[in-house]
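S.K.: For reference, this is run-v4.txt, and it has compact mmCIF, C-alpha atoms.
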# COMPACT_ATOMS: atom_id res chain seq x y z
CA MET D 1 -53.88 76.12 -99.18
CA LYS D 2 -53.83 73.98 -102.35
CA ILE D 3 -52.69 70.37 -102.08
CA ILE D 4 -52.24 67.52 -104.54
CA SER D 5 -52.39 64.09 -102.90
CA THR D 6 -51.27 60.85 -104.53
CA SER D 7 -50.06 57.40 -103.47
CA ASP D 8 -49.07 53.90 -104.55
CA TRP D 9 -46.89 54.62 -107.59
CA HIS D 10 -45.16 51.23 -107.41
CA LEU D 11 -42.28 52.33 -109.63
CA GLY D 12 -40.46 49.30 -110.98
CA ASN D 13 -43.58 47.13 -111.12
CA LEU D 14 -43.83 44.37 -113.71
CA PHE D 15 -47.33 43.61 -114.98
CA HIS D 16 -47.38 39.91 -115.87
CA GLY D 17 -43.74 40.23 -116.91
CA ASN D 18 -44.17 43.54 -118.77
CA ASP D 19 -41.89 46.39 -117.67
CA ARG D 20 -44.07 49.39 -116.76
CA LEU D 21 -41.37 52.05 -116.72
CA ASP D 22 -42.82 53.87 -119.73
CA GLU D 23 -46.27 53.74 -118.14
CA HIS D 24 -44.94 55.29 -114.96
CA LYS D 25 -43.12 57.98 -116.91
CA HIS D 26 -46.40 58.68 -118.70
CA PHE D 27 -48.14 59.18 -115.33
CA LEU D 28 -45.32 61.30 -113.89
CA SER D 29 -45.40 63.52 -117.00
CA TRP D 30 -49.16 63.91 -116.56
CA LEU D 31 -48.66 64.77 -112.86
CA LEU D 32 -46.08 67.41 -113.75
CA ASN D 33 -48.65 68.96 -116.07
CA GLN D 34 -51.21 69.05 -113.23
CA ILE D 35 -48.64 70.74 -111.01
CA ALA D 36 -47.86 73.30 -113.71
CA ILE D 37 -51.57 74.12 -114.05
CA ALA D 38 -52.59 74.13 -110.38
CA GLN D 39 -49.38 75.52 -108.82
CA PRO D 40 -50.14 73.78 -105.52
CA ASP D 41 -48.60 74.69 -102.21
CA VAL D 42 -48.07 71.05 -101.23
CA LEU D 43 -47.63 67.70 -102.97
CA LEU D 44 -48.24 64.61 -100.80
CA VAL D 45 -47.12 61.09 -101.75
CA ALA D 46 -48.57 58.51 -99.35
CA GLY D 47 -46.21 55.58 -99.72
CA ASP D 48 -45.33 52.65 -101.97
CA ILE D 49 -43.17 54.87 -104.13
CA TYR D 50 -41.44 51.74 -105.37
CA ASP D 51 -42.79 48.27 -105.95
CA ASN D 52 -40.09 46.65 -103.83
CA GLY D 53 -37.33 47.54 -101.41
CA ASN D 54 -34.56 47.16 -103.99
CA PRO D 55 -35.77 49.15 -107.01
CA SER D 56 -33.87 49.21 -110.28
CA ALA D 57 -31.60 52.11 -111.20
CA LYS D 58 -34.10 53.16 -113.88
CA ALA D 59 -36.97 53.24 -111.41
CA GLN D 60 -34.93 55.40 -109.04
CA GLU D 61 -33.88 57.65 -111.91
CA ALA D 62 -37.55 58.22 -112.83
CA TYR D 63 -38.34 59.13 -109.21
CA TYR D 64 -35.52 61.64 -108.82
CA ARG D 65 -36.08 63.09 -112.30
CA PHE D 66 -39.69 63.77 -111.32
CA LEU D 67 -38.66 65.49 -108.08
CA THR D 68 -36.17 67.65 -109.99
CA ASP D 69 -38.73 68.66 -112.61
CA ALA D 70 -41.48 69.25 -110.03
CA THR D 71 -39.37 71.64 -107.95
CA ARG D 72 -38.38 73.55 -111.09
CA LEU D 73 -41.99 73.85 -112.25
CA CYS D 74 -43.30 75.02 -108.87
CA SER D 75 -40.44 76.35 -106.78
CA GLN D 76 -42.65 77.38 -103.84
CA MET D 77 -44.25 73.92 -103.56
CA HIS D 78 -43.50 71.72 -100.55
CA ILE D 79 -43.30 67.96 -101.14
CA VAL D 80 -43.91 65.41 -98.35
CA ILE D 81 -43.23 61.71 -99.00
CA ILE D 82 -43.69 58.72 -96.70
CA ALA D 83 -42.62 55.09 -97.06
CA GLY D 84 -45.15 52.34 -97.67
CA ASN D 85 -44.92 48.65 -96.90
CA HIS D 86 -43.32 47.98 -100.31
CA ASP D 87 -40.58 50.58 -99.77
CA SER D 88 -37.26 50.30 -98.03
CA ALA D 89 -37.60 52.99 -95.36
CA SER D 90 -33.85 53.52 -95.03
CA ARG D 91 -33.30 53.68 -98.80
CA LEU D 92 -36.06 56.26 -99.18
CA GLU D 93 -34.64 58.37 -96.35
CA ALA D 94 -30.98 58.16 -97.41
CA PRO D 95 -30.95 61.49 -99.36
CA ARG D 96 -33.20 63.24 -96.83
CA ALA D 97 -30.71 65.97 -95.87
CA LEU D 98 -30.18 66.94 -99.51
CA LEU D 99 -33.88 66.79 -100.44
CA SER D 100 -34.84 68.95 -97.44
CA MET D 101 -32.83 71.79 -98.99
CA HIS D 102 -35.35 71.76 -101.86
CA ASN D 103 -38.51 71.70 -99.70
CA ILE D 104 -38.83 67.92 -100.05
CA GLU D 105 -39.46 66.12 -96.76
CA VAL D 106 -39.13 62.34 -96.67
CA ARG D 107 -40.23 60.21 -93.73
CA GLY D 108 -39.40 56.54 -94.07
CA GLU D 109 -38.44 55.41 -90.59
CA ILE D 110 -40.13 56.10 -87.27
CA PRO D 111 -37.61 57.87 -85.01
CA ARG D 112 -37.52 56.55 -81.43
CA VAL D 113 -35.64 57.27 -78.21
CA TRP D 114 -35.22 54.95 -75.25
CA SER D 115 -36.87 56.10 -72.04
CA GLU D 116 -34.96 54.77 -69.05
CA SER D 117 -37.70 55.83 -66.66
CA GLU D 118 -40.48 54.07 -68.62
CA LYS D 119 -38.26 51.23 -69.84
CA ARG D 120 -39.57 51.44 -73.36
CA TRP D 121 -39.03 53.11 -76.72
CA LEU D 122 -40.81 56.43 -77.26
CA ILE D 123 -41.57 57.87 -80.69
CA ASN D 124 -40.05 61.26 -81.43
CA PHE D 125 -43.22 62.97 -82.66
CA ASP D 126 -41.32 66.14 -83.61
CA GLU D 127 -39.88 64.28 -86.59
CA LEU D 128 -43.36 63.40 -87.87
CA VAL D 129 -44.84 66.88 -87.52
CA ILE D 130 -44.10 69.06 -90.54
CA PRO D 131 -45.30 72.69 -90.39
CA ILE D 132 -45.77 74.33 -93.79
CA SER D 133 -46.32 77.98 -94.65
CA SER D 134 -47.32 79.04 -98.14
CA ALA D 135 -46.05 82.05 -100.05
CA GLN D 136 -49.37 83.72 -99.24
CA GLY D 137 -48.84 83.28 -95.49
CA GLU D 138 -51.26 80.37 -95.04
CA HIS D 139 -50.37 77.62 -92.59
CA LEU D 140 -50.76 73.85 -92.52
CA VAL D 141 -49.46 71.04 -90.33
CA VAL D 142 -48.75 67.75 -92.09
CA LEU D 143 -48.48 64.68 -89.89
CA ALA D 144 -46.37 62.26 -91.91
CA VAL D 145 -46.84 58.64 -90.76
CA PRO D 146 -44.97 56.01 -92.78
CA TYR D 147 -46.03 52.37 -92.70
CA LEU D 148 -45.98 51.19 -89.09
CA ARG D 149 -44.35 47.80 -88.71
CA ASN D 150 -44.99 45.52 -85.76
CA ASP D 151 -41.65 46.27 -84.10
CA ILE D 152 -42.60 49.96 -83.98
CA VAL D 153 -46.13 49.46 -82.70
CA GLN D 154 -44.98 47.25 -79.80
CA ASN D 155 -48.52 46.27 -78.88
CA ALA D 156 -50.17 42.88 -78.64
CA ASN D 157 -53.08 44.28 -80.63
CA TYR D 158 -51.72 45.96 -83.76
CA SER D 159 -54.84 48.02 -84.47
CA GLN D 160 -54.99 49.42 -80.94
CA GLY D 161 -51.27 50.15 -81.04
CA VAL D 162 -51.55 52.10 -84.30
CA ASN D 163 -54.55 54.02 -83.00
CA ALA D 164 -52.62 55.00 -79.90
CA ILE D 165 -49.74 56.33 -82.02
CA LEU D 166 -52.06 58.26 -84.36
CA HIS D 167 -54.04 59.77 -81.47
CA ASP D 168 -50.96 60.72 -79.46
CA LEU D 169 -49.32 62.28 -82.51
CA THR D 170 -52.42 64.34 -83.26
CA ASN D 171 -52.73 65.55 -79.67
CA TYR D 172 -49.04 66.46 -79.64
CA ALA D 173 -49.36 68.48 -82.86
CA ARG D 174 -52.57 70.19 -81.72
CA ALA D 175 -50.81 71.41 -78.59
CA LYS D 176 -47.80 72.63 -80.54
CA TYR D 177 -49.71 74.28 -83.40
CA PRO D 178 -53.13 75.29 -82.05
CA ASN D 179 -55.64 76.57 -84.61
CA TRP D 180 -53.56 75.42 -87.58
CA PRO D 181 -55.34 73.20 -90.13
CA MET D 182 -54.04 69.66 -89.67
CA LEU D 183 -53.66 67.00 -92.35
CA MET D 184 -52.44 63.49 -91.59
CA MET D 185 -50.89 61.28 -94.28
CA ALA D 186 -50.43 57.58 -93.53
CA HIS D 187 -49.97 54.21 -95.22
CA MET D 188 -52.09 51.45 -93.70
CA TYR D 189 -55.05 49.10 -94.03
CA ALA D 190 -58.16 50.84 -92.67
CA LYS D 191 -61.10 48.84 -91.38
CA GLY D 192 -63.80 48.27 -93.96
CA ALA D 193 -61.61 49.18 -96.94
CA ASP D 194 -62.90 47.80 -100.23
CA ILE D 195 -60.23 45.64 -101.84
CA ALA D 196 -60.28 43.29 -104.80
CA LYS D 197 -61.44 39.96 -103.39
CA GLU D 198 -59.70 37.99 -106.14
CA ASP D 199 -56.20 38.62 -107.43
CA ALA D 200 -55.69 41.30 -104.78
CA SER D 201 -52.28 42.94 -105.01
CA GLU D 202 -52.49 44.80 -101.70
CA LYS D 203 -50.59 42.95 -99.01
CA ILE D 204 -53.37 42.29 -96.50
CA ILE D 205 -52.58 40.21 -93.43
CA VAL D 206 -54.80 37.15 -93.08
CA GLY D 207 -57.55 37.69 -90.54
CA GLY D 208 -57.35 41.49 -90.61
CA GLN D 209 -54.66 41.65 -87.94
CA GLU D 210 -53.42 44.94 -89.37
CA GLU D 211 -56.90 46.41 -89.88
CA VAL D 212 -57.10 49.85 -88.22
CA SER D 213 -60.35 51.61 -87.34
CA LEU D 214 -60.51 55.40 -87.58
CA SER D 215 -63.97 55.80 -86.03
CA ASN D 216 -64.58 57.11 -82.48
CA TRP D 217 -61.78 59.65 -82.73
CA PRO D 218 -63.06 62.99 -81.35
CA ASN D 219 -59.80 64.88 -81.83
CA HIS D 220 -59.07 63.56 -85.32
CA PRO D 221 -57.06 65.56 -87.91
CA ASP D 222 -59.03 67.90 -90.13
CA TYR D 223 -58.28 65.67 -93.10
CA PHE D 224 -56.66 62.27 -93.52
CA THR D 225 -55.17 60.96 -96.78
CA CYS D 226 -54.03 57.38 -96.96
CA GLY D 227 -52.06 55.01 -99.16
CA HIS D 228 -51.95 51.20 -99.42
CA ILE D 229 -55.43 50.32 -100.78
CA HIS D 230 -55.57 50.71 -104.55
CA LYS D 231 -59.22 51.63 -104.94
CA ARG D 232 -60.06 55.30 -104.42
CA GLN D 233 -62.66 55.47 -101.65
CA ARG D 234 -63.73 57.06 -98.41
CA ILE D 235 -62.46 55.33 -95.32
CA TRP D 236 -65.20 53.39 -93.56
CA GLY D 237 -67.03 55.10 -90.69
CA VAL D 238 -65.72 58.63 -91.21
CA ASP D 239 -66.28 61.52 -93.63
CA TRP D 240 -62.89 63.18 -93.22
CA ALA D 241 -60.58 60.47 -94.57
CA ARG D 242 -60.03 58.69 -97.87
CA TYR D 243 -57.69 56.62 -99.98
CA THR D 244 -56.43 58.33 -103.14
CA GLY D 245 -55.90 54.96 -104.84
CA SER D 246 -53.07 53.68 -107.02
CA VAL D 247 -51.96 55.52 -110.15
CA LEU D 248 -52.06 52.34 -112.28
CA PRO D 249 -54.12 49.15 -112.01
CA MET D 250 -51.96 46.53 -110.33
CA SER D 251 -54.00 43.49 -111.37
CA PHE D 252 -56.91 42.61 -113.67
CA ALA D 253 -59.14 42.67 -110.59
CA GLU D 254 -58.55 46.45 -110.59
CA LYS D 255 -59.63 46.87 -114.21
CA ASP D 256 -62.52 49.22 -113.41
CA TYR D 257 -60.81 51.32 -110.73
CA SER D 258 -60.62 55.09 -111.19
CA HIS D 259 -57.06 56.46 -111.12
CA GLY D 260 -55.67 59.93 -110.62
CA VAL D 261 -54.89 62.35 -107.79
CA ASP D 262 -56.91 64.27 -105.22
CA PHE D 263 -56.86 68.05 -105.35
CA ILE D 264 -57.50 69.33 -101.83
CA THR D 265 -58.31 72.95 -101.08
CA ILE D 266 -58.21 74.01 -97.42
CA ASN D 267 -60.06 77.28 -97.08
CA SER D 268 -60.37 76.89 -93.30
CA ILE D 269 -60.50 74.12 -90.72
CA GLU D 270 -64.24 73.84 -91.35
CA ASN D 271 -64.05 74.22 -95.14
CA ILE D 272 -62.02 71.54 -96.93
CA ASP D 273 -62.87 70.69 -100.55
CA VAL D 274 -61.66 67.51 -102.29
CA GLN D 275 -61.81 67.05 -106.05
CA HIS D 276 -60.63 63.99 -107.96
CA ILE D 277 -58.51 64.66 -111.05
CA ILE D 278 -58.84 61.60 -113.26
CA TYR D 279 -55.82 60.07 -114.95
CA THR D 280 -56.20 57.59 -117.80
CA PRO D 281 -53.46 54.93 -117.73
CA GLN D 282 -51.51 54.41 -120.91
CA HIS D 283 -52.47 50.74 -121.32
CA PRO D 284 -56.13 49.80 -120.72
CA LEU D 285 -56.99 46.39 -119.30
CA LEU D 286 -59.24 44.10 -121.31
CA ILE D 287 -60.83 40.80 -120.25
CA LEU D 288 -62.26 38.58 -123.01
CA PRO D 289 -64.96 37.45 -122.90
CA GLU D 290 -66.18 40.20 -120.56
CA GLY D 291 -68.94 38.27 -118.82
CA ASP D 292 -69.27 34.72 -117.54
CA GLU D 293 -70.17 33.37 -120.96
CA GLU D 294 -68.39 30.12 -121.77
CA ILE D 295 -67.26 30.15 -125.39
CA SER D 296 -65.23 27.75 -127.49
CA PRO D 297 -61.63 28.51 -128.51
CA LYS D 298 -62.81 29.08 -132.10
CA LYS D 299 -65.39 31.66 -131.00
CA LEU D 300 -62.80 33.27 -128.74
CA ALA D 301 -60.41 33.55 -131.70
CA LYS D 302 -63.14 35.27 -133.74
CA LEU D 303 -63.79 37.62 -130.81
CA LEU D 304 -60.09 38.54 -130.63
CA ILE D 305 -59.97 39.28 -134.36
CA LYS D 306 -63.05 41.47 -134.03
CA GLU D 307 -62.21 43.33 -130.80
CA LEU D 308 -58.46 43.90 -131.08
CA PRO D 309 -57.01 46.34 -133.63
CA ASP D 310 -54.09 45.34 -135.82
CA ARG D 311 -50.58 46.62 -135.24
CA THR D 312 -49.25 49.51 -137.29
CA ASP D 313 -46.15 48.56 -139.27
CA GLY D 314 -45.94 45.43 -137.15
CA LYS D 315 -45.28 47.37 -133.93
CA LEU D 316 -47.23 47.87 -130.71
CA ASN D 317 -48.26 51.47 -130.10
CA ASP D 318 -48.12 53.29 -126.79
CA ASN D 319 -51.77 52.53 -125.96
CA ALA D 320 -51.83 48.78 -126.58
CA ALA D 321 -54.24 46.96 -124.27
CA TYR D 322 -53.19 44.39 -121.70
CA VAL D 323 -55.42 41.34 -122.24
CA LEU D 324 -56.61 38.47 -120.08
CA LEU D 325 -58.32 35.58 -121.89
CA LYS D 326 -60.81 33.30 -120.18
CA VAL D 327 -61.13 29.82 -121.65
CA ALA D 328 -63.09 26.82 -120.48
CA GLN D 329 -60.65 24.30 -119.10
CA ASP D 330 -62.62 21.25 -120.28
CA ASN D 331 -63.01 22.71 -123.76
CA VAL D 332 -59.51 23.63 -124.86
CA SER D 333 -56.37 21.81 -125.97
CA ASN D 334 -52.75 22.93 -125.83
CA ASP D 335 -52.78 23.38 -129.63
CA GLU D 336 -55.79 25.70 -129.36
CA ILE D 337 -54.05 27.69 -126.63
CA LYS D 338 -51.04 28.09 -128.93
CA GLU D 339 -53.29 29.30 -131.77
CA LEU D 340 -54.82 31.94 -129.47
CA GLU D 341 -51.34 33.08 -128.41
CA ASP D 342 -50.21 33.32 -132.05
CA LEU D 343 -53.09 35.68 -132.89
CA PHE D 344 -51.46 38.37 -130.75
CA ALA D 345 -48.41 38.56 -133.01
CA ASN D 346 -50.35 40.87 -135.35
CA LYS D 347 -52.64 42.56 -132.83
CA ASN D 348 -52.08 45.85 -131.03
CA ALA D 349 -52.44 44.15 -127.66
CA VAL D 350 -50.33 42.29 -125.13
CA LEU D 351 -51.48 38.89 -123.93
CA CYS D 352 -50.81 38.85 -120.20
CA ARG D 353 -52.61 35.78 -119.02
CA ILE D 354 -54.83 32.90 -120.13
CA GLN D 355 -57.14 31.96 -117.29
CA LYS D 356 -58.53 28.45 -117.49
CA ILE D 357 -61.92 28.21 -115.83
CA ASN D 358 -64.49 25.52 -115.20
CA HIS D 359 -67.93 27.03 -114.66
CA ALA D 360 -69.52 23.65 -114.00
CA LEU D 361 -67.15 22.75 -111.18
CA ASN D 362 -68.80 22.16 -107.82
CA ILE D 363 -66.15 22.40 -105.15
CA HIS D 364 -68.41 20.75 -102.55
CA THR D 365 -68.43 17.55 -104.57
CA LEU D 366 -64.63 17.55 -104.66
CA THR D 367 -64.02 18.19 -100.98
CA SER D 368 -65.01 16.27 -97.92
CA ASP D 369 -67.99 17.33 -95.84
CA HIS D 370 -66.66 15.30 -92.92
CA GLU D 371 -65.93 17.43 -89.86
CA VAL D 372 -62.59 16.91 -88.20
CA GLN D 373 -63.10 15.62 -84.66
CA SER D 374 -59.57 15.69 -83.24
CA VAL D 375 -55.97 16.73 -83.76
CA ASP D 376 -55.04 13.06 -84.15
CA GLU D 377 -57.45 12.81 -87.05
CA VAL D 378 -55.68 15.69 -88.79
CA LEU D 379 -52.24 14.19 -88.16
CA ASN D 380 -53.30 10.76 -89.42
CA ARG D 381 -55.04 12.02 -92.54
CA ASP D 382 -53.52 11.23 -95.94
CA PRO D 383 -51.44 14.35 -96.87
CA MET D 384 -52.30 13.88 -100.54
CA GLU D 385 -56.01 14.14 -99.76
CA THR D 386 -55.49 17.37 -97.82
CA LEU D 387 -53.31 18.93 -100.50
CA ARG D 388 -55.68 17.99 -103.33
CA GLU D 389 -58.59 19.46 -101.39
CA ALA D 390 -56.68 22.71 -100.69
CA PHE D 391 -55.70 23.00 -104.36
CA THR D 392 -59.32 22.61 -105.47
CA ILE D 393 -60.57 25.27 -103.05
CA LYS D 394 -57.86 27.76 -104.04
CA HIS D 395 -57.91 27.28 -107.81
CA GLY D 396 -61.46 26.14 -108.43
CA THR D 397 -60.29 23.05 -110.28
CA GLU D 398 -58.80 19.64 -109.58
CA MET D 399 -55.12 18.81 -110.04
CA ASN D 400 -54.25 17.29 -113.37
CA GLU D 401 -52.45 13.95 -113.65
CA GLN D 402 -49.01 15.52 -113.98
CA GLN D 403 -49.50 17.65 -110.85
CA VAL D 404 -50.72 14.64 -108.88
CA SER D 405 -47.72 12.62 -110.03
CA LEU D 406 -45.22 15.35 -109.11
CA LEU D 407 -46.81 15.84 -105.70
CA SER D 408 -46.83 12.09 -105.05
CA ASP D 409 -43.12 11.91 -105.86
CA LEU D 410 -42.42 14.84 -103.55
CA LEU D 411 -44.35 13.28 -100.65
CA SER D 412 -42.60 9.97 -101.29
CA ASN D 413 -39.17 11.64 -101.13
CA ILE D 414 -40.12 13.41 -97.89
CA ASN D 415 -41.19 10.11 -96.31
CA THR D 416 -37.97 8.47 -97.47
CA ASP D 417 -35.84 11.23 -95.93
CA GLU D 418 -37.72 11.00 -92.63
CA ASN D 419 -37.21 7.23 -92.46
CA ASP D 420 -33.48 7.32 -93.26
Once you've parsed the file, please lay out its structure as structure tokens.
M.R.:
Amino acid sequence: MKIISTSDWHLGNLFHGNDRLDEHKHFLSWLLNQIAIAQPDVLLVAGDIYDNGNPSAKAQEAYYRFLTDATRLCSQMHIVIIAGNHDSASRLEAPRALLSMHNIEVRGEIPRVWSESEKRWLINFDELVIPISSAQGEHLVVLAVPYLRNDIVQNANYSQGVNAILHDLTNYARAKYPNWPMLMMAHMYAKGADIAKEDASEKIIVGGQEEVSLSNWPNHPDYFTCGHIHKRQRIWGVDWARYTGSVLPMSFAEKDYSHGVDFITINSIENIDVQHIIYTPQHPLLILPEGDEEISPKKLAKLLIKELPDRTDGKLNDNAAYVLLKVAQDNVSNDEIKELEDLFANKNAVLCRIQKINHALNIHTLTSDHEVQSVDEVLNRDPMETLREAFTIKHGTEMNEQQVSLLSDLLSNINTDEND
């Protein structure tokens, strides 16, 4: 059984204000070519089809155009799609009846029935178990698990609740389809997943409340493919599960990620081979300067002129780089920033962001080392002091005079309203 697995398309995404529709069409065209070459039995898409729950008409058109072209290219191929946390589950499932007629199975919502005897909602596992038979008579069971929201898990401990659902679903499918190879597809945050520590675009709950462990699972599926985390990687603690990663970098923190799809070949339950097919995004990401070197605006301008190619006939080409500039905050004026921005008018590159940094900043000198002794101490502390400290920790720099003034006015207005 030949399977192509992919996830985290994020159709409709804007990269620092730049519409990525052409980039996504470039990827989808590449994926169609891989399908034409490999003629897989199954295509899996593990969630976050769209970047938000209300995608544009053009983003939806690109999605349905791909499905149409894919089924024409490989008529025997089965397609299974699940909703991610960015998707609207109901929107994704709306055309389910029509898509099912073309071997496309969509699972966005978790179907439940009320048990009067147990006085609780029970998941209808039948809806999540998708048996697939290839033209050659091979069999596979796909367990399609869309993003599990807290109202579905219904457990004080989210991780334990998700584990219970995954284990019960697997046991149910094993009993119904004994000796069939079993592949689970889910969209979640697995324990130990490597994410970008800065500028992370994955929606991770503070404190790891949604972190799910897959270890200590004797009756696990034969293979597990997962969406949500954008870096392609094995899932911590197991050798039978991995993230396929996003198809495009979603932030500059993901500049060095590898993108593409996984090509999975199931020869038997004991013999599953996974190969990564690399995709090169249309627009590379470039950070200047690359290291931690602190250079002046004039040297940075010279670096831009040297590193960035000129436009052809005054137009950006299809492979123009997205650029992030790093400038020393204490060594640059607004006029110099404007001069750097103007350089891009003739360069085959898109300036996405200018990041002002201060390498010499010592946060510990800007924040208090005093330990809070009581709740009263917190309540009686000057709000401005707390907010300035929080700003410094988050952004690595102090507020400027204008920010302090605006915040002071805001706090003053709040106090006035409370005293009226």
S.K.: Using Å and a single decimal, report how far atom CA of Asn13 of chain D sits from atom CA of Tyr50 of chain D.
M.R.: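 According to the coordinates, atom CA of Tyr50 of chain D and atom CA of Asn13 of chain D are separated by 7.7 Å.
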S.K.: Please identify every residue of segment 250-328 of chain D that has at least one atom no farther than 10 Å from an atom of segment 224-232 of chain D, counting all atoms listed in the file, and for each give the shortest atom pair and the distance in Å to one decimal, arranged by chain then increasing number, as a Markdown table.
M.R.:
| residue | atom | partner | partner_atom | distance |
| --- | --- | --- | --- | --- |
| D:Met250 | CA | D:His230 | CA | 8.0 |
| D:Glu254 | CA | D:Lys231 | CA | 7.7 |
| D:Asp256 | CA | D:Lys231 | CA | 9.4 |
| D:Tyr257 | CA | D:Lys231 | CA | 6.0 |
| D:Ser258 | CA | D:Arg232 | CA | 6.8 |
| D:His259 | CA | D:Arg232 | CA | 7.4 |
| D:Gly260 | CA | D:Arg232 | CA | 8.9 |
| D:Val261 | CA | D:Arg232 | CA | 9.4 |
| D:Asp262 | CA | D:Thr225 | CA | 9.2 |
| D:His276 | CA | D:Arg232 | CA | 9.4 |
S.K.: Would you list the contacts of Gly192 of chain D as an mmCIF file with C-alpha atoms, in the frame of the given file, taking every protein, DNA or RNA residue within 12 Å and counting all atoms listed in the file, but skipping same-chain residues closer than 3 positions in sequence?
M.R.:
data_model
loop_
_atom_site.group_PDB
_atom_site.id
_atom_site.type_symbol
_atom_site.label_atom_id
_atom_site.label_comp_id
_atom_site.auth_asym_id
_atom_site.auth_seq_id
_atom_site.Cartn_x
_atom_site.Cartn_y
_atom_site.Cartn_z
ATOM 1 C CA TYR D 189 -55.050 49.100 -94.030
ATOM 2 C CA ILE D 195 -60.230 45.640 -101.840
ATOM 3 C CA GLY D 208 -57.350 41.490 -90.610
ATOM 4 C CA GLU D 210 -53.420 44.940 -89.370
ATOM 5 C CA GLU D 211 -56.900 46.410 -89.880
ATOM 6 C CA VAL D 212 -57.100 49.850 -88.220
ATOM 7 C CA SER D 213 -60.350 51.610 -87.340
ATOM 8 C CA LEU D 214 -60.510 55.400 -87.580
ATOM 9 C CA SER D 215 -63.970 55.800 -86.030
ATOM 10 C CA ILE D 229 -55.430 50.320 -100.780
ATOM 11 C CA GLN D 233 -62.660 55.470 -101.650
ATOM 12 C CA ARG D 234 -63.730 57.060 -98.410
ATOM 13 C CA ILE D 235 -62.460 55.330 -95.320
ATOM 14 C CA TRP D 236 -65.200 53.390 -93.560
ATOM 15 C CA GLY D 237 -67.030 55.100 -90.690
ATOM 16 C CA VAL D 238 -65.720 58.630 -91.210
ATOM 17 C CA ARG D 242 -60.030 58.690 -97.870
ATOM 18 C CA TYR D 243 -57.690 56.620 -99.980
#
S.K.: Of the candidates D:Val42, D:Pro284, D:Arg120, D:Gly84, which one gets nearest to Glu105 of chain D if we count all atoms listed in the file?
M.R.: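 When distances to Glu105 of chain D are compared using all atoms listed in the file, the smallest one comes from D:Val42.
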S.K.: Which residue out of D:Ala196, D:Val106, D:Val350, D:Leu387 has the minimum interatomic distance to Pro249 of chain D when all atoms listed in the file are used?
M.R.: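 Among the listed residues, D:Ala196 lies closest to Pro249 of chain D.
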S.K.: Excluding segment 295-299 of chain D and its own-chain neighbours fewer than 6 positions away, which residues fall within 10 Å of it when counting all atoms listed in the file? Please give them as a ChimeraX atom specification.
M.R.: /D:289,305,326-328,331-333,336-337,339-340
S.K.: Limited to C-alpha atoms, could you put the picked residues into a file as a compact mmCIF listing (two decimals), keeping the file's coordinate frame?
M.R.:
# COMPACT_ATOMS: atom_id res chain seq x y z
CA PRO D 289 -64.96 37.45 -122.90
CA ILE D 305 -59.97 39.28 -134.36
CA LYS D 326 -60.81 33.30 -120.18
CA VAL D 327 -61.13 29.82 -121.65
CA ALA D 328 -63.09 26.82 -120.48
CA ASN D 331 -63.01 22.71 -123.76
CA VAL D 332 -59.51 23.63 -124.86
CA SER D 333 -56.37 21.81 -125.97
CA GLU D 336 -55.79 25.70 -129.36
CA ILE D 337 -54.05 27.69 -126.63
CA GLU D 339 -53.29 29.30 -131.77
CA LEU D 340 -54.82 31.94 -129.47
S.K.: Name all residues at most 8 Å from Leu324 of chain D (count all atoms listed in the file; drop same-chain ones fewer than 5 positions away) and give them as a PyMOL selection string.
M.R.: chain D and resi 252+285-288+351-355
S.K.: If you measure from atom CA of Val141 of chain D to atom CA of His220 of chain D, what distance in Å do you get, rounded to one decimal?
M.R.: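 The value is 13.2 Å.
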S.K.: Please enclose the listed atoms of segment 117-136 of chain D in an axis-aligned box, pad each side by 6 Å, and write out the centre and the three edge lengths in Å, rounded to one decimal, as AutoDock Vina command-line options.
M.R.:
--center_x -43.5 --center_y 67.5 --center_z -83.4 --size_x 23.7 --size_y 44.5 --size_z 45.4
S.K.: Could you please determine the separation between atom CA of Leu325 of chain D and atom CA of Lys25 of chain D in Å, to one decimal place?
M.R.: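 So the answer is 27.5 Å.
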S.K.: May I ask which of the residues D:Leu410, D:Leu148, D:Ala164, D:Ile357 is the closest one to His86 of chain D, counting only C-alpha atoms?
M.R.: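 Closest residue, counting only C-alpha atoms: D:Leu148.
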S.K.: Extract, using only C-alpha atoms, all DNA, RNA and protein residues at most 10 Å from His102 of chain D, discarding same-chain residues fewer than 3 positions from it, and format them as a PDB file with C-alpha atoms, in the coordinates of the input.
M.R.:
ATOM      1  CA  LEU D  67     -38.660  65.490-108.080  1.00  0.00           C
ATOM      2  CA  THR D  68     -36.170  67.650-109.990  1.00  0.00           C
ATOM      3  CA  THR D  71     -39.370  71.640-107.950  1.00  0.00           C
ATOM      4  CA  ARG D  72     -38.380  73.550-111.090  1.00  0.00           C
ATOM      5  CA  SER D  75     -40.440  76.350-106.780  1.00  0.00           C
ATOM      6  CA  GLN D  76     -42.650  77.380-103.840  1.00  0.00           C
ATOM      7  CA  MET D  77     -44.250  73.920-103.560  1.00  0.00           C
ATOM      8  CA  HIS D  78     -43.500  71.720-100.550  1.00  0.00           C
ATOM      9  CA  ILE D  79     -43.300  67.960-101.140  1.00  0.00           C
ATOM     10  CA  ALA D  97     -30.710  65.970 -95.870  1.00  0.00           C
ATOM     11  CA  LEU D  98     -30.180  66.940 -99.510  1.00  0.00           C
ATOM     12  CA  LEU D  99     -33.880  66.790-100.440  1.00  0.00           C
ATOM     13  CA  GLU D 105     -39.460  66.120 -96.760  1.00  0.00           C
TER      14      GLU D 105
END
S.K.: Check the smallest atom-to-atom distance from each of D:Glu109, D:Ala173, D:Gly245, D:Leu407 to Asp194 of chain D using all atoms listed in the file, then report the winner.
M.R.: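 Checking each of D:Glu109, D:Ala173, D:Gly245, D:Leu407 against Asp194 of chain D, counting all atoms listed in the file, the winner is D:Gly245.
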